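Novice: Dropping in input26.txt, which is compact mmCIF, C-alpha atoms and all ligand atoms:
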# COMPACT_ATOMS: atom_id res chain seq x y z
CA MET I 1 -6.33 -71.54 7.69
CA ARG I 2 -5.84 -70.56 4.06
CA SER I 3 -5.42 -66.87 3.48
CA SER I 4 -7.49 -65.26 0.79
CA ASN I 5 -4.99 -62.39 0.55
CA ARG I 6 -2.60 -62.99 -2.31
CA PHE I 7 0.03 -60.87 -0.57
CA GLU I 8 0.16 -63.34 2.28
CA THR I 9 0.85 -66.52 0.39
CA GLY I 10 3.89 -68.45 1.38
CA GLU I 11 5.93 -67.69 -1.75
CA ARG I 12 9.36 -66.21 -1.35
CA ARG I 13 9.16 -62.47 -1.60
CA TRP I 14 11.22 -60.44 -4.01
CA TYR I 15 12.68 -58.30 -1.26
CA SER I 16 14.32 -61.30 0.19
CA PRO I 17 18.09 -60.67 0.08
CA SER I 18 18.64 -63.83 -1.90
CA VAL I 19 16.36 -62.75 -4.73
CA PRO I 20 17.40 -59.58 -6.55
CA HIS I 21 14.67 -57.14 -7.40
CA PRO I 22 13.68 -57.30 -11.08
CA ALA I 23 14.48 -53.60 -11.50
CA ALA I 24 17.96 -54.21 -10.09
CA ARG I 25 18.51 -56.91 -12.67
CA ALA I 26 17.23 -54.63 -15.40
CA ALA I 27 19.45 -51.82 -14.19
CA THR I 28 22.58 -53.92 -14.61
CA THR I 29 21.75 -54.56 -18.25
CA PRO I 30 20.06 -51.41 -19.60
CA SER I 31 18.71 -51.94 -23.05
CA MET I 32 19.06 -49.27 -25.70
CA ARG I 33 15.31 -49.25 -25.99
CA ALA I 34 14.98 -48.34 -22.31
CA ILE I 35 17.29 -45.35 -22.75
CA ALA I 36 15.49 -44.21 -25.89
CA ARG I 37 12.20 -44.47 -24.04
CA THR I 38 13.38 -42.10 -21.28
CA LYS I 39 15.13 -39.63 -23.59
CA PRO I 40 12.09 -37.61 -24.72
CA TRP I 41 11.60 -36.51 -21.12
CA TRP I 42 15.14 -35.16 -20.94
CA VAL I 43 14.67 -33.34 -24.22
CA LEU I 44 11.39 -31.85 -22.98
CA ALA I 45 12.92 -30.88 -19.64
CA LEU I 46 15.90 -29.20 -21.35
CA ALA I 47 13.61 -27.29 -23.70
CA ALA I 48 11.44 -26.13 -20.80
CA ALA I 49 14.55 -25.03 -18.85
CA ALA I 50 15.85 -23.14 -21.88
CA VAL I 51 12.56 -21.24 -22.18
CA LEU I 52 12.46 -20.61 -18.43
CA PHE I 53 16.03 -19.34 -18.14
CA THR I 54 15.81 -16.93 -21.08
CA ALA I 55 13.78 -14.82 -18.62
CA CYS I 56 16.81 -14.67 -16.33
CA SER I 57 19.01 -12.33 -18.36
CA ASP I 58 20.24 -9.49 -16.20
CA SER I 59 19.76 -6.69 -18.71
CA ASP I 60 16.64 -4.60 -18.93
CA LEU I 61 15.00 -5.86 -15.74
CA PRO I 62 14.35 -2.73 -13.71
CA GLN I 63 12.71 -4.70 -10.90
CA ASN I 64 15.23 -7.50 -10.61
CA THR I 65 15.49 -8.66 -6.99
CA PHE I 66 18.71 -10.46 -7.88
CA ALA I 67 20.50 -7.25 -8.80
CA PRO I 68 20.75 -5.49 -5.43
CA ALA I 69 21.79 -1.84 -5.61
CA GLY I 70 21.74 -0.87 -1.95
CA PRO I 71 22.90 -2.22 1.40
CA VAL I 72 19.46 -3.49 2.45
CA ALA I 73 18.90 -5.38 -0.80
CA ASP I 74 22.49 -6.66 -0.53
CA LYS I 75 21.91 -8.08 2.94
CA GLN I 76 18.60 -9.61 1.92
CA ALA I 77 20.19 -11.25 -1.11
CA GLY I 78 23.05 -12.40 1.13
CA LEU I 79 20.49 -14.20 3.28
CA PHE I 80 18.35 -15.40 0.39
CA TRP I 81 21.04 -17.34 -1.44
CA PRO I 82 22.28 -19.60 1.40
CA VAL I 83 18.67 -20.31 2.45
CA PHE I 84 17.79 -20.99 -1.18
CA TRP I 85 20.63 -23.50 -1.60
CA VAL I 86 19.70 -25.24 1.66
CA ALA I 87 16.16 -25.51 0.28
CA VAL I 88 17.51 -26.83 -3.03
CA ALA I 89 19.53 -29.49 -1.19
CA VAL I 90 16.48 -30.55 0.84
CA PHE I 91 14.37 -30.63 -2.32
CA VAL I 92 16.85 -32.70 -4.28
CA ILE I 93 17.38 -35.18 -1.44
CA VAL I 94 13.68 -35.61 -0.59
CA GLU I 95 12.24 -35.50 -4.11
CA GLY I 96 15.15 -37.50 -5.49
CA GLY I 97 14.54 -40.14 -2.84
CA ILE I 98 10.84 -40.26 -3.62
CA VAL I 99 11.40 -40.53 -7.37
CA TRP I 100 14.16 -43.11 -6.94
CA MET I 101 12.04 -45.25 -4.63
CA ALA I 102 8.97 -44.91 -6.84
CA LEU I 103 10.97 -46.18 -9.81
CA ARG I 104 13.13 -48.68 -7.99
CA PHE I 105 10.24 -50.35 -6.16
CA ARG I 106 7.47 -49.77 -8.64
CA HIS I 107 4.81 -52.35 -9.20
CA ARG I 108 5.67 -55.03 -11.77
CA LYS I 109 3.69 -57.83 -13.26
CA GLY I 110 4.24 -61.04 -11.39
CA HIS I 111 5.78 -59.28 -8.40
CA ASP I 112 2.68 -57.96 -6.76
CA ARG I 113 3.22 -58.82 -3.17
CA LEU I 114 3.25 -56.11 -0.51
CA PRO I 115 6.81 -55.02 0.40
CA LYS I 116 8.07 -55.20 3.94
CA GLN I 117 6.26 -52.58 6.06
CA ILE I 118 8.35 -50.29 8.26
CA HIS I 119 5.90 -47.90 9.91
CA GLY I 120 6.47 -47.41 13.60
CA ASN I 121 10.24 -47.47 13.14
CA THR I 122 11.34 -45.30 16.07
CA ARG I 123 14.81 -44.58 14.77
CA LEU I 124 13.47 -43.33 11.42
CA GLU I 125 10.70 -41.31 13.06
CA VAL I 126 13.09 -39.60 15.45
CA GLY I 127 15.58 -39.04 12.63
CA TRP I 128 13.20 -37.30 10.29
CA THR I 129 11.85 -35.17 13.09
CA ILE I 130 15.23 -33.99 14.38
CA LEU I 131 16.88 -33.44 11.01
CA PRO I 132 14.36 -30.89 9.65
CA ALA I 133 14.31 -29.16 13.05
CA LEU I 134 18.09 -28.82 12.81
CA VAL I 135 17.87 -27.45 9.27
CA ILE I 136 15.27 -24.88 10.39
CA ALA I 137 17.36 -23.93 13.41
CA VAL I 138 20.44 -23.38 11.23
CA VAL I 139 18.48 -21.24 8.75
CA MET I 140 16.79 -19.31 11.56
CA VAL I 141 19.99 -17.91 13.06
CA PRO I 142 20.95 -15.58 10.17
CA THR I 143 17.28 -14.89 9.34
CA VAL I 144 16.32 -13.61 12.77
CA GLY I 145 19.61 -11.74 13.01
CA LEU I 146 18.90 -9.87 9.79
CA ILE I 147 15.29 -9.14 10.78
CA TRP I 148 16.60 -7.42 13.91
CA GLU I 149 19.33 -5.64 12.03
CA LEU I 150 16.96 -4.23 9.41
CA ALA I 151 14.40 -3.21 12.02
CA ALA I 152 16.98 -1.16 13.91
CA GLU I 153 16.64 2.61 14.15
CA PRO I 154 18.19 4.36 11.16
CA SER I 155 21.31 6.48 11.48
CA ASP I 156 20.95 10.02 12.84
CA ASP I 157 21.54 11.66 9.49
CA ALA I 158 18.79 9.64 7.80
CA LEU I 159 16.45 11.51 5.49
CA ASN I 160 12.84 11.21 6.67
CA VAL I 161 10.17 10.71 4.05
CA THR I 162 6.52 9.89 4.57
CA VAL I 163 5.10 7.56 1.92
CA GLU I 164 1.39 7.80 1.24
CA GLY I 165 -0.34 4.94 -0.54
CA HIS I 166 -3.29 6.27 -2.52
CA GLN I 167 -5.60 4.54 -4.95
CA TRP I 168 -3.55 4.36 -7.16
CA TRP I 169 -0.38 6.34 -6.85
CA TRP I 170 2.36 6.95 -4.33
CA GLY I 171 2.78 10.33 -2.64
CA PHE I 172 5.96 11.39 -0.83
CA SER I 173 6.41 14.09 1.76
CA TYR I 174 9.83 15.16 3.04
CA THR I 175 9.24 15.76 6.72
CA ASP I 176 12.64 16.99 7.98
CA ASP I 177 12.90 20.60 9.21
CA ASP I 178 15.28 21.53 6.41
CA MET I 179 12.78 20.28 3.81
CA GLN I 180 10.33 23.11 4.32
CA THR I 181 9.34 24.99 1.20
CA SER I 182 9.46 28.75 0.80
CA TYR I 183 5.70 28.87 0.24
CA GLY I 184 4.65 26.84 3.30
CA GLY I 185 4.47 23.12 3.91
CA GLN I 186 7.00 20.41 3.20
CA ILE I 187 8.51 19.33 -0.09
CA ALA I 188 6.11 16.83 -1.64
CA THR I 189 6.33 14.70 -4.76
CA SER I 190 4.21 12.04 -6.36
CA ASP I 191 5.07 8.87 -8.27
CA VAL I 192 8.81 9.56 -7.98
CA VAL I 193 10.75 9.88 -4.74
CA VAL I 194 14.13 11.58 -5.07
CA ILE I 195 16.86 10.63 -2.60
CA PRO I 196 20.58 11.33 -2.13
CA VAL I 197 22.95 8.38 -2.71
CA ASP I 198 24.69 6.67 0.18
CA ARG I 199 22.37 8.04 2.80
CA ASP I 200 19.75 6.17 4.78
CA VAL I 201 16.23 7.12 3.87
CA HIS I 202 13.78 6.39 6.64
CA PHE I 203 10.34 5.90 5.12
CA SER I 204 7.20 6.14 7.25
CA LEU I 205 4.43 4.48 5.29
CA GLU I 206 0.74 5.24 5.52
CA SER I 207 -2.31 4.27 3.55
CA VAL I 208 -4.15 7.56 3.35
CA GLY I 209 -6.88 6.94 0.82
CA GLY I 210 -8.68 10.00 -0.45
CA LEU I 211 -10.85 12.64 1.09
CA ILE I 212 -13.16 12.88 -1.91
CA GLY I 213 -15.95 10.91 -0.28
CA GLY I 214 -14.57 10.53 3.22
CA THR I 215 -13.50 12.59 6.20
CA ALA I 216 -10.15 13.41 7.78
CA GLU I 217 -10.76 10.65 10.34
CA GLN I 218 -12.16 8.11 7.93
CA ALA I 219 -10.62 8.44 4.50
CA ASP I 220 -12.21 6.50 1.70
CA TYR I 221 -10.17 4.23 -0.58
CA ALA I 222 -7.77 3.55 2.30
CA VAL I 223 -6.71 0.01 1.44
CA ILE I 224 -3.62 -2.11 2.01
CA HIS I 225 -0.76 -1.41 -0.37
CA SER I 226 2.78 -2.71 -0.31
CA PHE I 227 5.81 -0.54 -1.01
CA TRP I 228 8.43 -2.40 -2.98
CA VAL I 229 11.57 -1.24 -4.75
CA PRO I 230 13.20 -4.60 -5.52
CA LYS I 231 16.73 -3.38 -6.27
CA LEU I 232 16.87 -1.41 -3.01
CA GLY I 233 15.15 -3.79 -0.64
CA GLY I 234 12.27 -6.01 0.30
CA LYS I 235 8.70 -4.90 0.48
CA GLN I 236 6.73 -3.33 3.32
CA ASP I 237 2.95 -3.56 3.61
CA VAL I 238 1.15 -0.25 4.02
CA VAL I 239 -1.84 -0.83 6.25
CA PRO I 240 -4.62 1.71 6.94
CA GLY I 241 -4.48 3.00 10.50
CA HIS I 242 -0.84 2.01 11.00
CA THR I 243 2.41 3.77 10.32
CA GLU I 244 4.98 1.26 9.11
CA THR I 245 8.64 2.08 8.67
CA LEU I 246 11.32 1.01 6.24
CA THR I 247 14.90 2.18 5.82
CA LEU I 248 16.53 1.96 2.40
CA SER I 249 19.44 3.54 0.61
CA ALA I 250 21.04 3.45 -2.82
CA ASP I 251 24.75 2.87 -3.52
CA GLU I 252 24.80 4.52 -6.93
CA PRO I 253 22.95 7.38 -8.56
CA GLY I 254 20.24 6.16 -10.89
CA THR I 255 16.59 5.27 -11.21
CA TYR I 256 15.15 2.33 -9.31
CA TRP I 257 11.71 1.06 -10.21
CA GLY I 258 9.13 0.03 -7.68
CA GLN I 259 5.70 -1.45 -7.63
CA CYS I 260 2.80 -1.85 -5.23
CA ALA I 261 2.92 -5.48 -4.18
CA GLU I 262 -0.40 -5.91 -2.40
CA TYR I 263 -3.66 -6.18 -4.30
CA CYS I 264 -5.37 -2.83 -3.75
CA GLY I 265 -8.03 -2.55 -6.42
CA LEU I 266 -8.45 -2.10 -10.14
CA GLN I 267 -5.15 -0.36 -10.83
CA HIS I 268 -3.02 -2.36 -8.42
CA GLY I 269 -0.90 -3.85 -11.21
CA ARG I 270 -0.11 -0.36 -12.49
CA MET I 271 0.55 1.31 -9.14
CA LYS I 272 4.20 1.87 -9.82
CA LEU I 273 6.84 4.29 -8.55
CA ARG I 274 10.44 5.23 -9.13
CA VAL I 275 13.24 6.13 -6.77
CA VAL I 276 15.68 8.57 -8.32
CA ALA I 277 18.99 8.64 -6.43
CA LEU I 278 21.16 11.73 -6.97
CA GLU I 279 24.77 12.62 -6.20
CA GLN I 280 25.11 15.07 -3.33
CA ALA I 281 25.47 18.21 -5.50
CA ASP I 282 22.52 17.23 -7.71
CA TRP I 283 20.52 16.42 -4.61
CA GLU I 284 21.16 19.83 -3.10
CA ALA I 285 20.17 21.52 -6.36
CA TRP I 286 17.02 19.43 -6.49
CA VAL I 287 16.08 20.34 -2.92
CA ALA I 288 16.68 24.03 -3.59
CA ASN I 289 14.42 23.90 -6.64
CA GLN I 290 11.70 21.93 -4.83
CA LYS I 291 11.53 24.63 -2.18
CA GLN I 292 10.49 27.12 -4.82
CA PRO I 293 6.82 27.66 -5.65
CA GLY I 294 5.39 26.59 -9.00
CA VAL I 295 6.66 28.63 -11.93
CA VAL I 296 4.32 31.37 -13.12
CA PRO I 297 4.50 30.99 -16.89
CA THR I 298 5.01 33.91 -19.26
CA ASP I 299 4.11 31.95 -22.38
CA PRO I 300 0.48 32.91 -23.23
CA LEU I 301 -0.74 29.35 -23.80
CA ALA I 302 0.76 28.13 -20.51
CA ALA I 303 -0.58 31.23 -18.74
CA ARG I 304 -4.05 30.38 -20.01
CA GLY I 305 -3.51 26.84 -18.74
CA MET I 306 -2.65 28.22 -15.31
CA ASP I 307 -5.81 30.29 -15.33
CA LEU I 308 -7.88 27.22 -16.27
CA PHE I 309 -6.13 25.16 -13.60
CA LEU I 310 -6.87 27.67 -10.85
CA ASN I 311 -10.29 28.88 -11.91
CA GLY I 312 -11.94 25.88 -13.50
CA ALA I 313 -11.68 23.99 -16.75
CA GLY I 314 -14.42 22.08 -18.56
CA ASN I 315 -17.06 21.47 -15.94
CA GLY I 316 -14.75 21.06 -12.95
CA GLN I 317 -11.94 22.36 -10.81
CA CYS I 318 -8.39 20.97 -11.00
CA ILE I 319 -7.71 22.52 -7.62
CA ALA I 320 -10.36 20.32 -5.99
CA CYS I 321 -7.68 17.64 -5.80
CA HIS I 322 -4.28 19.05 -6.76
CA ALA I 323 -1.75 21.36 -5.17
CA ILE I 324 0.66 23.71 -6.88
CA GLY I 325 2.96 25.50 -4.45
CA GLY I 326 2.51 29.25 -4.25
CA THR I 327 -0.99 29.23 -5.75
CA ASP I 328 -4.50 28.72 -4.40
CA ALA I 329 -4.27 25.07 -5.42
CA ALA I 330 -3.60 23.32 -2.13
CA SER I 331 -5.57 20.07 -2.02
CA ALA I 332 -3.72 16.93 -1.03
CA ALA I 333 -6.32 14.53 -2.46
CA GLY I 334 -4.42 14.07 -5.72
CA PRO I 335 -0.74 14.34 -6.70
CA ASP I 336 1.15 17.55 -5.91
CA LEU I 337 2.00 19.08 -9.29
CA THR I 338 4.29 21.95 -8.18
CA HIS I 339 7.27 20.55 -10.10
CA PHE I 340 5.47 18.28 -12.53
CA ALA I 341 8.00 18.88 -15.32
CA ASP I 342 11.16 18.57 -13.21
CA PRO I 343 13.45 16.10 -15.03
CA THR I 344 13.46 13.78 -12.00
CA HIS I 345 9.67 13.48 -12.21
CA GLU I 346 10.07 10.82 -14.86
CA CYS I 347 6.59 9.40 -14.83
CA PHE I 348 3.06 10.28 -13.79
CA ALA I 349 -0.36 8.78 -12.95
CA GLY I 350 1.08 5.82 -11.07
CA CYS I 351 4.07 5.81 -13.44
CA ILE I 352 1.91 4.41 -16.19
CA TRP I 353 3.31 7.04 -18.56
CA GLU I 354 6.63 8.78 -19.04
CA THR I 355 6.27 12.45 -18.18
CA ASN I 356 8.02 13.45 -21.41
CA ASP I 357 5.17 11.89 -23.39
CA ARG I 358 3.05 14.97 -24.07
CA GLU I 359 0.47 13.02 -26.04
CA ALA I 360 -0.04 10.66 -23.10
CA LEU I 361 -0.67 13.61 -20.81
CA ALA I 362 -3.20 15.05 -23.27
CA GLU I 363 -4.93 11.66 -23.51
CA TRP I 364 -5.00 11.41 -19.73
CA LEU I 365 -6.69 14.82 -19.43
CA ARG I 366 -9.06 13.98 -22.28
CA ASN I 367 -10.48 10.91 -20.63
CA PRO I 368 -8.79 9.79 -17.41
CA ARG I 369 -11.14 6.94 -16.63
CA ASP I 370 -10.79 5.44 -20.08
CA VAL I 371 -7.03 5.24 -19.98
CA LYS I 372 -6.83 4.36 -16.29
CA LEU I 373 -9.78 2.21 -15.38
CA GLY I 374 -11.27 3.10 -11.99
CA SER I 375 -9.23 6.28 -11.71
CA LYS I 376 -10.45 8.76 -9.13
CA MET I 377 -9.58 11.62 -11.48
CA PRO I 378 -12.90 12.82 -12.90
CA ASP I 379 -13.59 13.46 -16.55
CA TYR I 380 -14.29 17.21 -16.69
CA ASP I 381 -15.21 17.11 -20.36
CA LEU I 382 -12.31 19.38 -21.28
CA SER I 383 -12.19 20.92 -24.75
CA GLU I 384 -9.13 20.32 -26.95
CA ASP I 385 -8.15 23.97 -26.48
CA GLU I 386 -8.28 23.60 -22.72
CA ILE I 387 -6.26 20.40 -22.85
CA GLU I 388 -3.60 22.08 -24.96
CA ALA I 389 -3.37 24.99 -22.52
CA LEU I 390 -3.29 22.74 -19.44
CA VAL I 391 -0.56 20.56 -20.97
CA ALA I 392 1.48 23.69 -21.73
CA TYR I 393 1.05 24.87 -18.15
CA LEU I 394 2.02 21.53 -16.60
CA TYR I 395 5.17 21.38 -18.75
CA SER I 396 6.14 24.86 -17.56
CA LEU I 397 6.25 23.59 -13.96
CA THR I 398 9.92 22.66 -13.78
CU1 LIG R 401 -1.52 -0.34 -4.18
CU2 LIG R 401 -1.56 -2.59 -5.01
Please re-express this file's structure in structure tokens.
Specialist:
Amino acid sequence: MRSSNRFETGERRWYSPSVPHPAARAATTPSMRAIARTKPWWVLALAAAAVLFTACSDSDLPQNTFAPAGPVADKQAGLFWPVFWVAVAVFVIVEGGIVWMALRFRHRKGHDRLPKQIHGNTRLEVGWTILPALVIAVVMVPTVGLIWELAAEPSDDALNVTVEGHQWWWGFSYTDDDMQTSYGGQIATSDVVVIPVDRDVHFSLESVGGLIGGTAEQADYAVIHSFWVPKLGGKQDVVPGHTETLTLSADEPGTYWGQCAEYCGLQHGRMKLRVVALEQADWEAWVANQKQPGVVPTDPLAARGMDLFLNGAGNGQCIACHAIGGTDAASAAGPDLTHFADPTHECFAGCIWETNDREALAEWLRNPRDVKLGSKMPDYDLSEDEIEALVAYLYSLT
């Protein structure tokens, strides 16, 4: 019976050992034209790599995961790199094999018969099932080990800090007994968390939302955030209704930038934070200052600002949402402003602005929802005089 399939004709097939593949013949005598034809791809690839790798310079990258500055980040990087290189090896072998085979055995005019089929080859099937399983098993040993290690209870002298994810800023409350303020309640900061160097900080993370339209049991705006300070360690999701924990520490004094890493609404991309790590003496001075109530200003403009803050400005009340230690302002709905102008409080409003930028603060008070879309801070229609006085007051709160 004559086959109608051209692949099944009786001609000798090119994969017969006695007939070299046309590509193999070509490969032994590469023409200059062939090289020139492939060159543009190499040029393009090199150009693309050059553009890509310019982003890899170490300087000026405050959120560089590859520049660990604490033991947790160090351990995570120490796991990342071997796993990464294993993945690179797998990629190169598998993709290289695919590309090589696609080129080596590509379709050519006049050689259009089906190559020898090898499906159902038990040895190959078993091989490529066992090999990846072995690779995974090898990678799993250090991975699981580190997961356990990082989940362990922190050391006894760890500093305990509760992290509150709000829409859209981070609040921090220092919950240890020796972190009680002189005016009642615990030391609390917003946007910036200050820690001592070389000491474990045990964070308990909660998504607290706001109480503006909710209740104590059911806060509104309670959404999932993710706490991430890349140079100090990997991220931890902050899930409403759960208390998650994370232990980090910093090797050197300095400022470490962080960022919410879970989409949480309009300002997610600008829900930033900073960790300021201080030497022991600076830390103790900072704690002592934080225990003090908010400064009562003597400067007349700042004093007027304080009066506006406590008794109403524009058509609203600052104290509906903010706390200033030692005054009637005690709401926890918005950031605690007791030490707004402390030098460690480098940034405000989700760290969108540097605190030393007075004009930014004025602009923020002038029209919060214009400069921070979706902000829960209301526009109280403040006059320029009121803004000037409030700015003066806030900068007196060292
Ligand atoms: Cu909070 Cu994204």
Novice: Can you tell me which residues sit at most 9 Å away from ligand LIG 401 (chain R), counting only C-alpha atoms and all ligand atoms, written as a ChimeraX atom specification?
Specialist: /I:165-170,223-227,238,259-272
Novice: Take atom CA of I:Ala67 and atom CA of I:Ala89 and report the distance between them in Å, one decimal.
Specialist: 23.5 Å
Novice: Have a look at atom CA of I:Ala392 and atom CA of I:Thr298 and let me know their distance in Å, one decimal.
Specialist: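 Going from atom CA of I:Ala392 over to atom CA of I:Thr298, I get 11.1 Å.
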Novice: Kindly indicate which residue among I:Cys318, I:Leu397, I:Ala313, I:Ala250 lies nearest to I:Ser383, using all atoms listed in the file for the distances.
Specialist: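 The closest residue to I:Ser383 is I:Ala313.
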Novice: Restricting the calculation to only C-alpha atoms: of I:Arg199, I:Glu388, I:Gly241, I:Val83, which residue gets closest to I:Met140?
Specialist: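 Selected residue with least distance to I:Met140: I:Val83.
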Novice: Which residues, written as a VMD selection string, have at least one atom at most 7 Å from I:Asp379, with only C-alpha atoms counted and residues fewer than 6 positions away on the same chain left out?
Specialist: chain I and resid 367 to 369
Novice: Return as a tab-separated table the residues of stretch 288-317 of chain I lying at most 12 Å from stretch 333-352 of chain I, together with the closest atom-to-atom pair for each and the distance in Å to one decimal, counting all atoms listed in the file, with rows in chain order and ascending residue number.
Specialist:
residue	atom	partner	partner_atom	distance
I:Ala288	CA	I:His339	CA	12.0
I:Asn289	CA	I:His339	CA	8.6
I:Gln290	CA	I:His339	CA	7.0
I:Lys291	CA	I:Thr338	CA	9.8
I:Gln292	CA	I:Thr338	CA	8.7
I:Pro293	CA	I:Thr338	CA	6.7
I:Gly294	CA	I:Thr338	CA	4.8
I:Val295	CA	I:Thr338	CA	8.0
I:Val296	CA	I:Thr338	CA	10.6
I:Met306	CA	I:Thr338	CA	11.8
I:Phe309	CA	I:Leu337	CA	11.0
Novice: Write the residues you've just listed into a file as a short mmCIF file (atom, residue, chain, number, x, y, z; two decimals), keeping the file's coordinate frame, and include C-alpha atoms for each of them.
Specialist:
data_model
loop_
_atom_site.label_atom_id
_atom_site.label_comp_id
_atom_site.auth_asym_id
_atom_site.auth_seq_id
_atom_site.Cartn_x
_atom_site.Cartn_y
_atom_site.Cartn_z
CA ALA I 288 16.68 24.03 -3.59
CA ASN I 289 14.42 23.90 -6.64
CA GLN I 290 11.70 21.93 -4.83
CA LYS I 291 11.53 24.63 -2.18
CA GLN I 292 10.49 27.12 -4.82
CA PRO I 293 6.82 27.66 -5.65
CA GLY I 294 5.39 26.59 -9.00
CA VAL I 295 6.66 28.63 -11.93
CA VAL I 296 4.32 31.37 -13.12
CA MET I 306 -2.65 28.22 -15.31
CA PHE I 309 -6.13 25.16 -13.60
#
Novice: Could you work out how far atom CA of I:Asp74 lies from atom CA of I:Ala152, giving the answer in Å with one decimal?
Specialist: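 One can read the atom CA of I:Ala152 to atom CA of I:Asp74 distance as 16.4 Å.
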Novice: Which residue out of I:Leu273, I:Leu301, I:Ala151, I:Leu246 has the minimum interatomic distance to I:Ser396 when all atoms listed in the file are used?
Specialist: I:Leu301
Novice: What's the 9 Å shell around I:Pro62, counting only C-alpha atoms, without same-chain residues fewer than 3 positions away, as a PyMOL selection string?
Specialist: chain I and resi 59+230-231+255-258
Novice: Which residues are close to I:Gln280, i.e. within 12 Å by all atoms listed in the file, leaving aside same-chain residues fewer than 4 positions away? Reply as a PDB file with C-alpha atoms, in the frame of the given file.
Specialist:
ATOM      1  CA  VAL I 194      14.130  11.580  -5.070  1.00  0.00           C
ATOM      2  CA  ILE I 195      16.860  10.630  -2.600  1.00  0.00           C
ATOM      3  CA  PRO I 196      20.580  11.330  -2.130  1.00  0.00           C
ATOM      4  CA  VAL I 197      22.950   8.380  -2.710  1.00  0.00           C
ATOM      5  CA  ASP I 198      24.690   6.670   0.180  1.00  0.00           C
ATOM      6  CA  ARG I 199      22.370   8.040   2.800  1.00  0.00           C
ATOM      7  CA  GLU I 252      24.800   4.520  -6.930  1.00  0.00           C
ATOM      8  CA  PRO I 253      22.950   7.380  -8.560  1.00  0.00           C
ATOM      9  CA  GLU I 284      21.160  19.830  -3.100  1.00  0.00           C
ATOM     10  CA  ALA I 285      20.170  21.520  -6.360  1.00  0.00           C
ATOM     11  CA  TRP I 286      17.020  19.430  -6.490  1.00  0.00           C
ATOM     12  CA  VAL I 287      16.080  20.340  -2.920  1.00  0.00           C
TER      13      VAL I 287
END
Novice: Using only C-alpha atoms for the distances, tell me which of I:Phe172, I:Tyr380, I:Phe53, I:Phe203 is nearest to I:Glu244.
Specialist: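 Answer, going by the shortest atom-to-atom distance: I:Phe203.
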Novice: Report as a VMD selection string all protein, DNA and RNA residues lying within 10 Å of I:Lys75, evaluated on only C-alpha atoms, omitting residues in the same chain fewer than 6 positions from it.
Specialist: chain I and resid 68 146 149 to 150 233
Novice: I need the residue nearest I:Ala323 from this list: I:Leu205, I:Leu278, I:Ile187, I:Val51. Use all atoms listed in the file for the distance.
Specialist: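 Among I:Leu205, I:Leu278, I:Ile187, I:Val51, it is I:Ile187 that comes nearest to I:Ala323.
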Novice: Please rebuild stretch 135-146 of chain I with N, CA and C atoms and return the result as a PDB file, in the frame of the given file.
Specialist:
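Ended up saving to result-v7.pdb:
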ATOM      1  N   VAL I 135      17.748 -28.283  10.475  1.00  0.00           N
ATOM      2  CA  VAL I 135      17.870 -27.450   9.270  1.00  0.00           C
ATOM      3  C   VAL I 135      17.209 -26.091   9.518  1.00  0.00           C
ATOM      4  N   ILE I 136      15.993 -26.127  10.098  1.00  0.00           N
ATOM      5  CA  ILE I 136      15.270 -24.880  10.390  1.00  0.00           C
ATOM      6  C   ILE I 136      16.062 -24.029  11.378  1.00  0.00           C
ATOM      7  N   ALA I 137      16.610 -24.680  12.397  1.00  0.00           N
ATOM      8  CA  ALA I 137      17.360 -23.930  13.410  1.00  0.00           C
ATOM      9  C   ALA I 137      18.562 -23.241  12.782  1.00  0.00           C
ATOM     10  N   VAL I 138      19.261 -23.948  11.883  1.00  0.00           N
ATOM     11  CA  VAL I 138      20.440 -23.380  11.230  1.00  0.00           C
ATOM     12  C   VAL I 138      20.039 -22.168  10.380  1.00  0.00           C
ATOM     13  N   VAL I 139      18.933 -22.316   9.636  1.00  0.00           N
ATOM     14  CA  VAL I 139      18.480 -21.240   8.750  1.00  0.00           C
ATOM     15  C   VAL I 139      17.960 -20.046   9.570  1.00  0.00           C
ATOM     16  N   MET I 140      17.415 -20.346  10.737  1.00  0.00           N
ATOM     17  CA  MET I 140      16.790 -19.310  11.560  1.00  0.00           C
ATOM     18  C   MET I 140      17.799 -18.307  12.114  1.00  0.00           C
ATOM     19  N   VAL I 141      19.002 -18.783  12.411  1.00  0.00           N
ATOM     20  CA  VAL I 141      19.990 -17.910  13.060  1.00  0.00           C
ATOM     21  C   VAL I 141      20.272 -16.655  12.224  1.00  0.00           C
ATOM     22  N   PRO I 142      20.715 -16.799  10.960  1.00  0.00           N
ATOM     23  CA  PRO I 142      20.950 -15.580  10.170  1.00  0.00           C
ATOM     24  C   PRO I 142      19.663 -14.824   9.840  1.00  0.00           C
ATOM     25  N   THR I 143      18.541 -15.550   9.706  1.00  0.00           N
ATOM     26  CA  THR I 143      17.280 -14.890   9.340  1.00  0.00           C
ATOM     27  C   THR I 143      16.831 -13.934  10.435  1.00  0.00           C
ATOM     28  N   VAL I 144      16.765 -14.451  11.661  1.00  0.00           N
ATOM     29  CA  VAL I 144      16.320 -13.610  12.770  1.00  0.00           C
ATOM     30  C   VAL I 144      17.299 -12.464  13.001  1.00  0.00           C
ATOM     31  N   GLY I 145      18.589 -12.783  12.859  1.00  0.00           N
ATOM     32  CA  GLY I 145      19.610 -11.740  13.010  1.00  0.00           C
ATOM     33  C   GLY I 145      19.382 -10.594  12.044  1.00  0.00           C
ATOM     34  N   LEU I 146      19.090 -10.918  10.794  1.00  0.00           N
ATOM     35  CA  LEU I 146      18.900  -9.870   9.790  1.00  0.00           C
ATOM     36  C   LEU I 146      17.597  -9.108  10.019  1.00  0.00           C
TER      37      LEU I 146
END
